[in-house]
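Visitor: TSV, C-alpha atoms and all ligand atoms, saved as model.tsv, coming up:
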```
chain	number	residue	atom	x	y	z
A	1	MET	CA	22.31	23.61	-20.36
A	2	GLN	CA	22.93	20.42	-18.39
A	3	ASN	CA	21.98	17.20	-20.11
A	4	PHE	CA	19.89	15.13	-17.76
A	5	ALA	CA	19.53	11.38	-18.10
A	6	ILE	CA	15.91	11.54	-16.97
A	7	GLU	CA	13.67	14.60	-16.95
A	8	ALA	CA	10.06	15.31	-16.16
A	9	GLU	CA	8.51	18.76	-16.30
A	10	GLN	CA	5.01	19.32	-15.04
A	11	LEU	CA	4.31	15.65	-15.73
A	12	ARG	CA	0.62	14.86	-15.30
A	13	ILE	CA	-0.75	11.35	-15.74
A	14	ARG	CA	-4.31	10.08	-15.74
A	15	TYR	CA	-5.55	6.56	-16.46
A	16	PRO	CA	-8.42	6.23	-18.95
A	17	HIS	CA	-11.15	5.62	-16.37
A	18	SER	CA	-9.70	7.45	-13.39
A	19	PRO	CA	-11.58	10.59	-12.37
A	20	HIS	CA	-8.45	12.63	-11.61
A	21	ASP	CA	-4.72	12.81	-12.37
A	22	VAL	CA	-2.77	10.19	-10.42
A	23	VAL	CA	0.43	12.18	-11.04
A	24	THR	CA	-0.33	15.85	-10.68
A	25	GLY	CA	2.44	17.84	-12.37
A	26	ILE	CA	5.80	16.67	-11.08
A	27	ASP	CA	9.29	17.89	-11.97
A	28	LEU	CA	12.31	15.57	-11.92
A	29	ALA	CA	15.85	16.02	-13.21
A	30	VAL	CA	18.22	13.10	-12.76
A	31	ALA	CA	21.85	13.67	-13.76
A	32	PRO	CA	23.86	11.00	-15.60
A	33	GLY	CA	25.37	8.53	-13.14
A	34	GLU	CA	22.93	9.25	-10.32
A	35	VAL	CA	21.08	6.55	-8.42
A	36	PHE	CA	17.85	8.39	-7.82
A	37	GLY	CA	15.27	7.00	-5.40
A	38	LEU	CA	11.56	7.53	-5.95
A	39	LEU	CA	9.85	6.82	-2.66
A	40	GLY	CA	6.41	7.18	-1.16
A	41	PRO	CA	3.40	5.32	0.16
A	42	ASN	CA	1.44	2.74	-1.82
A	43	GLY	CA	-0.57	4.44	-4.55
A	44	ALA	CA	1.51	7.65	-4.54
A	45	GLY	CA	2.20	7.37	-8.28
A	46	LYS	CA	5.76	5.99	-8.39
A	47	SER	CA	5.11	3.07	-10.73
A	48	THR	CA	2.89	5.21	-12.92
A	49	THR	CA	5.73	7.74	-13.29
A	50	GLN	CA	8.11	4.89	-14.19
A	51	ARG	CA	5.56	3.61	-16.75
A	52	VAL	CA	5.60	6.94	-18.58
A	53	LEU	CA	9.39	7.28	-18.45
A	54	THR	CA	9.81	3.78	-19.85
A	55	GLY	CA	7.38	4.36	-22.72
A	56	ARG	CA	4.75	1.94	-21.41
A	57	HIS	CA	2.05	4.55	-20.78
A	58	ARG	CA	1.83	7.11	-23.52
A	59	GLU	CA	-1.03	9.30	-22.32
A	60	PHE	CA	0.38	12.13	-20.25
A	61	GLY	CA	0.66	15.90	-20.01
A	62	GLY	CA	3.85	17.95	-19.63
A	63	ARG	CA	7.28	16.70	-20.66
A	64	ALA	CA	9.04	13.39	-20.07
A	65	ALA	CA	12.50	12.85	-21.56
A	66	VAL	CA	15.18	10.18	-21.35
A	67	LEU	CA	18.77	10.85	-22.43
A	68	GLY	CA	17.77	14.27	-23.74
A	69	ARG	CA	14.96	13.07	-26.00
A	70	PRO	CA	11.20	13.09	-25.31
A	71	VAL	CA	9.97	9.56	-24.60
A	72	GLY	CA	7.21	9.98	-27.19
A	73	ASP	CA	9.86	10.45	-29.92
A	74	TYR	CA	11.35	7.02	-29.33
A	75	GLY	CA	10.10	3.79	-30.84
A	76	ARG	CA	11.56	0.43	-29.89
A	77	ASP	CA	14.97	2.12	-29.87
A	78	LEU	CA	14.14	3.36	-26.36
A	79	TYR	CA	14.68	-0.20	-25.11
A	80	GLU	CA	18.15	-0.27	-26.67
A	81	ARG	CA	19.10	2.62	-24.37
A	82	ILE	CA	17.23	1.75	-21.16
A	83	GLY	CA	16.92	-1.35	-19.01
A	84	VAL	CA	13.67	-2.03	-17.24
A	85	GLY	CA	13.25	-4.25	-14.19
A	86	PHE	CA	9.78	-4.40	-12.78
A	87	GLU	CA	8.39	-5.97	-9.68
A	88	LEU	CA	6.80	-8.94	-11.40
A	89	PRO	CA	9.50	-11.11	-12.92
A	90	ALA	CA	9.04	-11.64	-16.66
A	91	TYR	CA	10.62	-14.76	-18.16
A	92	PHE	CA	9.82	-17.94	-20.05
A	93	PRO	CA	9.11	-20.49	-17.30
A	94	ARG	CA	9.93	-23.58	-19.37
A	95	LEU	CA	13.32	-22.26	-20.47
A	96	THR	CA	16.49	-22.37	-18.38
A	97	ALA	CA	18.01	-19.13	-17.12
A	98	ARG	CA	20.65	-19.30	-19.86
A	99	GLU	CA	18.02	-19.94	-22.57
A	100	ASN	CA	15.87	-17.08	-21.25
A	101	LEU	CA	18.74	-14.61	-21.48
A	102	ALA	CA	19.78	-15.88	-24.90
A	103	ALA	CA	16.20	-15.30	-26.10
A	104	PHE	CA	16.12	-11.77	-24.66
A	105	ALA	CA	19.56	-10.98	-26.07
A	106	ARG	CA	18.29	-11.65	-29.60
A	107	LEU	CA	15.83	-8.74	-29.20
A	108	PHE	CA	18.66	-6.18	-29.15
A	109	ARG	CA	20.56	-4.66	-32.01
A	110	ARG	CA	23.37	-3.42	-29.79
A	111	PRO	CA	25.93	-5.91	-28.45
A	112	THR	CA	24.81	-7.59	-25.24
A	113	MET	CA	26.56	-9.49	-22.51
A	114	THR	CA	26.58	-13.23	-22.96
A	115	PRO	CA	23.99	-15.06	-20.82
A	116	ALA	CA	26.89	-16.39	-18.73
A	117	GLU	CA	28.20	-12.86	-18.10
A	118	ALA	CA	24.76	-11.56	-17.14
A	119	LEU	CA	24.14	-14.53	-14.83
A	120	ALA	CA	27.53	-14.02	-13.19
A	121	ALA	CA	26.74	-10.31	-12.69
A	122	VAL	CA	23.69	-11.23	-10.59
A	123	GLY	CA	25.23	-14.27	-8.84
A	124	LEU	CA	23.13	-16.87	-10.66
A	125	GLU	CA	25.83	-18.71	-12.58
A	126	HIS	CA	25.20	-21.89	-10.57
A	127	ALA	CA	21.58	-21.97	-11.82
A	128	ALA	CA	22.29	-21.27	-15.51
A	129	ASP	CA	20.85	-24.59	-16.68
A	130	GLN	CA	17.91	-24.72	-14.30
A	131	ARG	CA	14.39	-24.01	-15.59
A	132	ALA	CA	13.17	-20.57	-14.55
A	133	SER	CA	9.88	-22.06	-13.26
A	134	THR	CA	11.86	-23.87	-10.54
A	135	PHE	CA	13.53	-20.68	-9.28
A	136	SER	CA	12.83	-19.24	-5.84
A	137	LYS	CA	11.42	-15.72	-5.69
A	138	GLY	CA	14.88	-14.29	-5.01
A	139	MET	CA	16.34	-16.13	-7.99
A	140	LYS	CA	13.52	-14.86	-10.22
A	141	MET	CA	14.21	-11.31	-9.11
A	142	ARG	CA	17.89	-11.79	-9.98
A	143	LEU	CA	16.98	-13.22	-13.36
A	144	ASN	CA	14.80	-10.16	-13.90
A	145	LEU	CA	17.73	-7.93	-13.07
A	146	ALA	CA	20.02	-9.91	-15.39
A	147	ARG	CA	17.52	-9.29	-18.17
A	148	ALA	CA	17.42	-5.55	-17.37
A	149	ILE	CA	21.23	-5.14	-17.54
A	150	LEU	CA	21.86	-7.60	-20.39
A	151	HIS	CA	22.41	-4.93	-23.07
A	152	ARG	CA	24.44	-2.62	-20.79
A	153	PRO	CA	21.80	0.12	-20.91
A	154	ASP	CA	22.63	3.75	-20.19
A	155	VAL	CA	19.68	4.15	-17.82
A	156	LEU	CA	18.17	1.51	-15.59
A	157	PHE	CA	14.58	1.77	-14.31
A	158	LEU	CA	13.99	-0.53	-11.36
A	159	ASP	CA	10.65	-0.93	-9.62
A	160	GLU	CA	10.86	-2.72	-6.26
A	161	PRO	CA	13.91	-4.88	-7.12
A	162	THR	CA	14.28	-6.16	-3.54
A	163	SER	CA	10.59	-6.72	-2.84
A	164	GLY	CA	10.00	-9.89	-0.83
A	165	LEU	CA	13.68	-10.87	-0.65
A	166	ASP	CA	15.43	-12.13	2.47
A	167	PRO	CA	18.13	-9.78	3.84
A	168	VAL	CA	20.99	-11.70	2.21
A	169	SER	CA	19.30	-11.80	-1.21
A	170	ALA	CA	18.34	-8.12	-0.88
A	171	ALA	CA	21.98	-7.26	-0.13
A	172	GLY	CA	22.99	-9.24	-3.24
A	173	VAL	CA	20.59	-7.22	-5.39
A	174	ARG	CA	21.87	-3.98	-3.84
A	175	ALA	CA	25.41	-5.02	-4.77
A	176	VAL	CA	24.32	-5.55	-8.39
A	177	ILE	CA	22.76	-2.07	-8.48
A	178	ARG	CA	25.91	-0.60	-6.92
A	179	ALA	CA	28.03	-2.26	-9.63
A	180	GLN	CA	25.76	-0.78	-12.30
A	181	ALA	CA	26.16	2.67	-10.77
A	182	ASP	CA	29.94	2.18	-10.56
A	183	ALA	CA	29.89	1.36	-14.29
A	184	GLY	CA	28.41	4.83	-14.86
A	185	ARG	CA	24.76	3.91	-15.37
A	186	THR	CA	21.94	6.13	-14.22
A	187	VAL	CA	19.40	4.34	-12.06
A	188	LEU	CA	15.84	5.33	-11.16
A	189	LEU	CA	14.91	3.16	-8.22
A	190	THR	CA	11.42	2.79	-6.80
A	191	THR	CA	11.52	0.97	-3.50
A	192	HIS	CA	10.24	0.65	0.04
A	193	ASP	CA	13.62	-0.82	1.07
A	194	MET	CA	15.16	1.95	3.17
A	195	PRO	CA	18.57	0.23	3.58
A	196	ALA	CA	18.79	0.13	-0.23
A	197	VAL	CA	18.06	3.83	-0.39
A	198	GLU	CA	20.58	4.69	2.33
A	199	GLU	CA	23.24	2.58	0.67
A	200	LEU	CA	22.70	3.47	-2.97
A	201	CYS	CA	20.83	6.70	-3.63
A	202	THR	CA	22.59	9.95	-4.42
A	203	ARG	CA	19.22	11.73	-4.15
A	204	VAL	CA	15.71	10.86	-3.21
A	205	ALA	CA	12.29	12.23	-4.15
A	206	PHE	CA	9.35	11.50	-1.89
A	207	MET	CA	5.96	11.31	-3.61
A	208	ARG	CA	2.64	11.68	-1.91
A	209	ALA	CA	-0.73	11.52	-3.68
A	210	GLY	CA	0.78	12.23	-7.09
A	211	SER	CA	3.04	15.11	-6.03
A	212	ILE	CA	6.68	15.36	-5.05
A	213	VAL	CA	6.85	16.67	-1.50
A	214	ALA	CA	10.63	16.55	-0.89
A	215	VAL	CA	13.80	16.03	-2.96
A	216	ASP	CA	17.34	15.97	-1.59
A	217	THR	CA	20.23	13.73	-0.61
A	218	PRO	CA	19.34	11.11	2.01
A	219	ARG	CA	21.64	12.89	4.47
A	220	ASN	CA	20.05	16.32	4.02
A	221	LEU	CA	16.58	14.82	4.28
A	222	ARG	CA	17.52	13.11	7.53
A	223	LEU	CA	18.94	16.37	8.88
A	224	ALA	CA	15.87	18.37	7.82
A	225	HIS	CA	13.09	15.98	8.75
A	226	GLY	CA	14.48	13.18	10.90
A	227	ARG	CA	14.71	13.42	14.63
A	228	ARG	CA	17.39	11.94	16.84
A	229	SER	CA	16.06	10.40	19.99
A	230	VAL	CA	17.28	8.80	23.18
A	231	VAL	CA	16.22	5.24	23.91
A	232	ALA	CA	16.23	4.08	27.52
A	233	SER	CA	15.77	0.50	28.64
A	234	PHE	CA	14.72	0.09	32.25
A	235	THR	CA	13.21	-2.41	34.67
A	236	GLU	CA	9.65	-2.07	35.86
A	237	ARG	CA	8.12	-4.62	38.24
A	238	GLY	CA	10.80	-7.08	37.24
A	239	ALA	CA	10.27	-6.71	33.46
A	240	LEU	CA	12.64	-4.99	31.02
A	241	ARG	CA	10.98	-2.16	29.08
A	242	THR	CA	12.15	0.52	26.64
A	243	SER	CA	11.01	4.10	26.07
A	244	GLN	CA	12.06	6.70	23.54
A	245	PHE	CA	12.59	10.38	24.37
A	246	PRO	CA	13.10	13.33	22.02
A	247	ALA	CA	16.14	14.80	23.85
A	248	PRO	CA	18.64	13.94	26.61
A	249	ASP	CA	17.12	16.63	28.85
A	250	ASP	CA	13.53	15.53	28.32
A	251	PRO	CA	11.73	15.85	31.72
A	252	GLY	CA	10.28	12.33	31.36
A	253	LEU	CA	13.74	10.88	30.81
A	254	LEU	CA	15.16	12.83	33.76
A	255	ARG	CA	12.38	11.47	36.00
A	256	LEU	CA	13.07	7.94	34.78
A	257	LEU	CA	16.82	8.34	35.44
A	258	ALA	CA	16.04	9.50	38.98
A	259	THR	CA	14.27	6.18	39.72
A	260	GLY	CA	17.55	4.32	39.29
A	261	SER	CA	15.87	1.67	37.10
A	262	VAL	CA	17.56	2.59	33.81
A	263	GLN	CA	19.75	-0.22	32.48
A	264	THR	CA	20.97	1.20	29.15
A	265	LEU	CA	20.73	4.51	27.35
A	266	HIS	CA	21.61	5.14	23.73
A	267	THR	CA	21.11	7.76	21.05
A	268	ARG	CA	19.12	6.67	18.02
A	269	GLU	CA	20.06	8.51	14.84
A	270	ALA	CA	17.27	9.71	12.55
A	271	ALA	CA	16.57	7.18	9.81
A	272	LEU	CA	15.09	7.62	6.35
A	273	ALA	CA	12.03	5.73	7.60
A	274	ASP	CA	11.42	8.67	9.97
A	275	VAL	CA	11.76	11.08	7.03
A	276	PHE	CA	9.33	8.94	5.03
A	277	ILE	CA	6.72	9.25	7.77
A	278	ALA	CA	7.38	12.97	8.34
A	279	VAL	CA	7.16	14.07	4.72
A	280	THR	CA	4.51	11.72	3.39
A	281	GLN	CA	2.12	11.88	6.33
A	282	ASP	CA	2.46	15.51	7.44
A	283	ALA	CA	2.96	17.38	4.17
A	284	ALA	CA	0.05	19.57	3.21
B	1	LIG	N1	-3.95	0.67	-14.76
B	1	LIG	C1	-4.50	1.55	-13.92
B	1	LIG	N2	-5.73	2.06	-14.14
B	1	LIG	C2	-6.28	2.96	-13.29
B	1	LIG	N3	-5.69	3.40	-12.17
B	1	LIG	C3	-4.47	2.92	-11.88
B	1	LIG	C4	-3.80	1.96	-12.73
B	1	LIG	N4	-2.60	1.68	-12.20
B	1	LIG	C5	-2.50	2.42	-11.07
B	1	LIG	N5	-3.62	3.16	-10.88
B	1	LIG	C6	-3.88	4.10	-9.77
B	1	LIG	O1	-2.90	5.13	-9.84
B	1	LIG	C7	-2.49	5.51	-8.52
B	1	LIG	C8	-0.97	5.40	-8.45
B	1	LIG	O2	-0.61	4.02	-8.56
B	1	LIG	P1	0.91	3.55	-8.65
B	1	LIG	O3	0.90	2.08	-8.93
B	1	LIG	O4	1.63	4.43	-9.58
B	1	LIG	O5	1.41	3.81	-7.17
B	1	LIG	P2	2.79	3.43	-6.48
B	1	LIG	O6	3.28	4.67	-5.81
B	1	LIG	O7	3.69	2.78	-7.44
B	1	LIG	O8	2.32	2.39	-5.37
B	1	LIG	P3	3.01	1.05	-4.77
B	1	LIG	O9	4.01	1.51	-3.76
B	1	LIG	O10	1.85	0.35	-4.14
B	1	LIG	O11	3.61	0.30	-5.91
B	1	LIG	C9	-3.24	4.61	-7.55
B	1	LIG	O12	-4.36	5.33	-7.07
B	1	LIG	C10	-3.67	3.46	-8.41
B	1	LIG	O13	-4.89	2.93	-7.94
```
Would it be possible to restate this file's structure as structure tokens?
Ligand SMILES: Nc1ncnc2c1ncn2[C@@H]1O[C@H](COP(=O)(O)OP(=O)(O)OP(=O)(O)O)[C@@H](O)[C@H]1O

Guide:
Amino acid sequence: MQNFAIEAEQLRIRYPHSPHDVVTGIDLAVAPGEVFGLLGPNGAGKSTTQRVLTGRHREFGGRAAVLGRPVGDYGRDLYERIGVGFELPAYFPRLTARENLAAFARLFRRPTMTPAEALAAVGLEHAADQRASTFSKGMKMRLNLARAILHRPDVLFLDEPTSGLDPVSAAGVRAVIRAQADAGRTVLLTTHDMPAVEELCTRVAFMRAGSIVAVDTPRNLRLAHGRRSVVASFTERGALRTSQFPAPDDPGLLRLLATGSVQTLHTREAALADVFIAVTQDAA
């Protein structure tokens, strides 16, 4: 039997006062070393699933296991094995970045990186002695990530690690995640950042209303659900306009070409954003 880093079998989750299950019996099996994306619209149940897998919500049905052991069987030792980076940065605002990481490092029994190593890993070494309360949002997200990787965990759970970041900062965070994957860590990544998914994820699961509606590699999902299209830009009454057509022989495109007004024509490859819309809006 294969040992999965993360497993869920018929996982059902309900909050104390919610009238129905918000996760309705999902199956997940993430192999060691995978960067697995958990995608879907707001409210689909992604964060709730992460909460159960990281031991922060203990009421659930079915099975949830990390590194071959049910999450319910772990105590604090779970946090020796996993790293958790959630959307809202968690740090001591009055302490410097270095002091924050030194404080977090003391919580672990296993050897950790030094604060300087962790700050260098996320590109924050220049701000080591700056108070966390003075950090920009992007810096806080990096500090959060430094905290999550500090003890070199086997599995990393990341919820929206690039949320609200500018493109350069987001690319920096993606590079940190890539380095973690290259070091052999398993990553479960919840995100709406499609470039991050394209760049990092070995496989992706799309959730919709508490269920998983598609799981595959980004490439296979694009082939199965994405549509290529042809984009034409043309002039109309002196203004430049663009239109998208499903195929090069689309009658509308052929009519447009016959007018002689087309300036440029290019093929647009299917993107994961198209897959997102196709599988989370149309699935029954
Ligand atoms: N503490 C809670 N108590 C009751 N219901 C909750 C709680 N947290 C989340 N929910 C509900 O559970 C459902 C799933 O929420 P969840 O946060 O898991 O979605 P998500 O897919 O992570 O969304 P987003 O992309 O917005 O982060 C939603 O209907 C939400 O309202």

Visitor: Produce a table with one row for each residue of region 74-123 of chain A that has an atom at most 10 Å from any atom of region 166-190 of chain A, each row naming the nearest atom pair and its distance in Å at one decimal; use all atoms listed in the file; arrange rows by chain and rising residue number; format as JSON lines.

Guide:
```
{"residue": "A:Ile82", "atom": "CA", "partner": "A:Thr186", "partner_atom": "CA", "distance": 9.5}
{"residue": "A:Gly83", "atom": "CA", "partner": "A:Val187", "partner_atom": "CA", "distance": 9.3}
{"residue": "A:Val84", "atom": "CA", "partner": "A:Leu188", "partner_atom": "CA", "distance": 9.8}
{"residue": "A:Gly85", "atom": "CA", "partner": "A:Leu189", "partner_atom": "CA", "distance": 9.7}
{"residue": "A:Phe86", "atom": "CA", "partner": "A:Thr190", "partner_atom": "CA", "distance": 9.5}
{"residue": "A:Glu87", "atom": "CA", "partner": "A:Thr190", "partner_atom": "CA", "distance": 9.7}
{"residue": "A:Ala121", "atom": "CA", "partner": "A:Val176", "partner_atom": "CA", "distance": 6.9}
{"residue": "A:Val122", "atom": "CA", "partner": "A:Val176", "partner_atom": "CA", "distance": 6.1}
{"residue": "A:Gly123", "atom": "CA", "partner": "A:Gly172", "partner_atom": "CA", "distance": 7.9}
```

Visitor: Can you pull out every residue within 9 Å of region 131-138 of chain A, counting all atoms listed in the file, but drop anything in the same chain fewer than 6 positions away, and send it as a list in words?

Guide: Pro89, Tyr91, Phe92, Pro93, Arg94, Leu95, Thr96, Ala97, Arg98, Glu99, Asn100, Thr162, Ser163, Gly164, Leu165, Asp166, Ser169 and Ala170 of chain A

Visitor: Residues within 6 Å of ligand LIG 1 (chain B), counting only C-alpha atoms and all ligand atoms: report them as a list in words.

Guide: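 Those residues are Tyr15, Ser18, Val22, Pro41, Asn42, Gly43, Ala44, Gly45, Lys46, Ser47 and Thr48 of chain A.
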
Visitor: With only C-alpha atoms as the basis for distance, which of A:Leu240, A:Phe157, A:Val213, A:Asn220 is at the shortest distance from Gln281 (chain A)?

Guide: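 Among the listed residues, A:Val213 lies closest to Gln281 (chain A).
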
Visitor: With distances taken over only C-alpha atoms, which residue among A:Asp159, A:Glu199, A:Asp249, A:Glu236 lies nearest Arg51 (chain A)?

Guide: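 Checking each candidate against Arg51 (chain A), we get A:Asp159 as the closest.
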
Visitor: Quick one: of A:Ser233, A:Met141, A:Val215, A:Met194, who's nearest to Leu257 (chain A), counting all atoms listed in the file?

Guide: A:Ser233

Visitor: As an exercise, work out the distance from CA of Phe245 (chain A) to CA of Arg208 (chain A) in Å and give it to one decimal place.

Guide: 28.1 Å

Visitor: Nearest residue to Val204 (chain A) out of A:Thr242, A:Glu59, A:Glu34, A:Glu117, using all atoms listed in the file?

Guide: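 Among the listed residues, the smallest separation from Val204 (chain A) belongs to A:Glu34.
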
Visitor: Please measure the separation of CA of Pro19 (chain A) and CA of Ala205 (chain A), giving the value in Å to one decimal.

Guide: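 Taking CA of Pro19 (chain A) and CA of Ala205 (chain A), their separation equals 25.3 Å.
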
Visitor: Can you pull region 113-124 of chain A out of that block with N, CA, C and O atoms and hand it back as a PDB file, in the first residue's frame?

Guide:
```
ATOM      1  N   MET A 113      15.662  25.811  11.876  1.00  0.00           N
ATOM      2  CA  MET A 113      16.611  26.748  11.258  1.00  0.00           C
ATOM      3  C   MET A 113      16.869  27.856  12.276  1.00  0.00           C
ATOM      4  O   MET A 113      16.059  28.075  13.186  1.00  0.00           O
ATOM      5  N   THR A 114      17.942  28.593  12.077  1.00  0.00           N
ATOM      6  CA  THR A 114      18.119  29.799  12.881  1.00  0.00           C
ATOM      7  C   THR A 114      17.186  30.865  12.298  1.00  0.00           C
ATOM      8  O   THR A 114      16.806  30.777  11.104  1.00  0.00           O
ATOM      9  N   PRO A 115      16.808  31.870  13.098  1.00  0.00           N
ATOM     10  CA  PRO A 115      15.987  32.951  12.525  1.00  0.00           C
ATOM     11  C   PRO A 115      16.630  33.534  11.271  1.00  0.00           C
ATOM     12  O   PRO A 115      15.937  33.802  10.284  1.00  0.00           O
ATOM     13  N   ALA A 116      17.948  33.688  11.277  1.00  0.00           N
ATOM     14  CA  ALA A 116      18.619  34.273  10.101  1.00  0.00           C
ATOM     15  C   ALA A 116      18.439  33.382   8.873  1.00  0.00           C
ATOM     16  O   ALA A 116      18.192  33.879   7.765  1.00  0.00           O
ATOM     17  N   GLU A 117      18.533  32.064   9.068  1.00  0.00           N
ATOM     18  CA  GLU A 117      18.341  31.147   7.928  1.00  0.00           C
ATOM     19  C   GLU A 117      16.920  31.238   7.390  1.00  0.00           C
ATOM     20  O   GLU A 117      16.693  31.260   6.169  1.00  0.00           O
ATOM     21  N   ALA A 118      15.948  31.255   8.320  1.00  0.00           N
ATOM     22  CA  ALA A 118      14.544  31.299   7.881  1.00  0.00           C
ATOM     23  C   ALA A 118      14.248  32.617   7.175  1.00  0.00           C
ATOM     24  O   ALA A 118      13.544  32.647   6.156  1.00  0.00           O
ATOM     25  N   LEU A 119      14.804  33.714   7.686  1.00  0.00           N
ATOM     26  CA  LEU A 119      14.568  35.017   7.047  1.00  0.00           C
ATOM     27  C   LEU A 119      15.225  35.067   5.670  1.00  0.00           C
ATOM     28  O   LEU A 119      14.655  35.610   4.726  1.00  0.00           O
ATOM     29  N   ALA A 120      16.406  34.461   5.552  1.00  0.00           N
ATOM     30  CA  ALA A 120      17.070  34.429   4.243  1.00  0.00           C
ATOM     31  C   ALA A 120      16.253  33.588   3.262  1.00  0.00           C
ATOM     32  O   ALA A 120      16.134  33.938   2.079  1.00  0.00           O
ATOM     33  N   ALA A 121      15.644  32.510   3.751  1.00  0.00           N
ATOM     34  CA  ALA A 121      14.868  31.621   2.866  1.00  0.00           C
ATOM     35  C   ALA A 121      13.679  32.352   2.242  1.00  0.00           C
ATOM     36  O   ALA A 121      13.239  32.012   1.151  1.00  0.00           O
ATOM     37  N   VAL A 122      13.143  33.356   2.948  1.00  0.00           N
ATOM     38  CA  VAL A 122      11.981  34.078   2.414  1.00  0.00           C
ATOM     39  C   VAL A 122      12.357  35.485   1.927  1.00  0.00           C
ATOM     40  O   VAL A 122      11.479  36.300   1.637  1.00  0.00           O
ATOM     41  N   GLY A 123      13.654  35.784   1.860  1.00  0.00           N
ATOM     42  CA  GLY A 123      14.107  37.081   1.338  1.00  0.00           C
ATOM     43  C   GLY A 123      13.825  38.246   2.267  1.00  0.00           C
ATOM     44  O   GLY A 123      13.559  39.361   1.820  1.00  0.00           O
ATOM     45  N   LEU A 124      13.875  38.008   3.574  1.00  0.00           N
ATOM     46  CA  LEU A 124      13.590  39.088   4.529  1.00  0.00           C
ATOM     47  C   LEU A 124      14.797  39.435   5.396  1.00  0.00           C
ATOM     48  O   LEU A 124      14.638  40.102   6.417  1.00  0.00           O
TER      49      LEU A 124
END
```
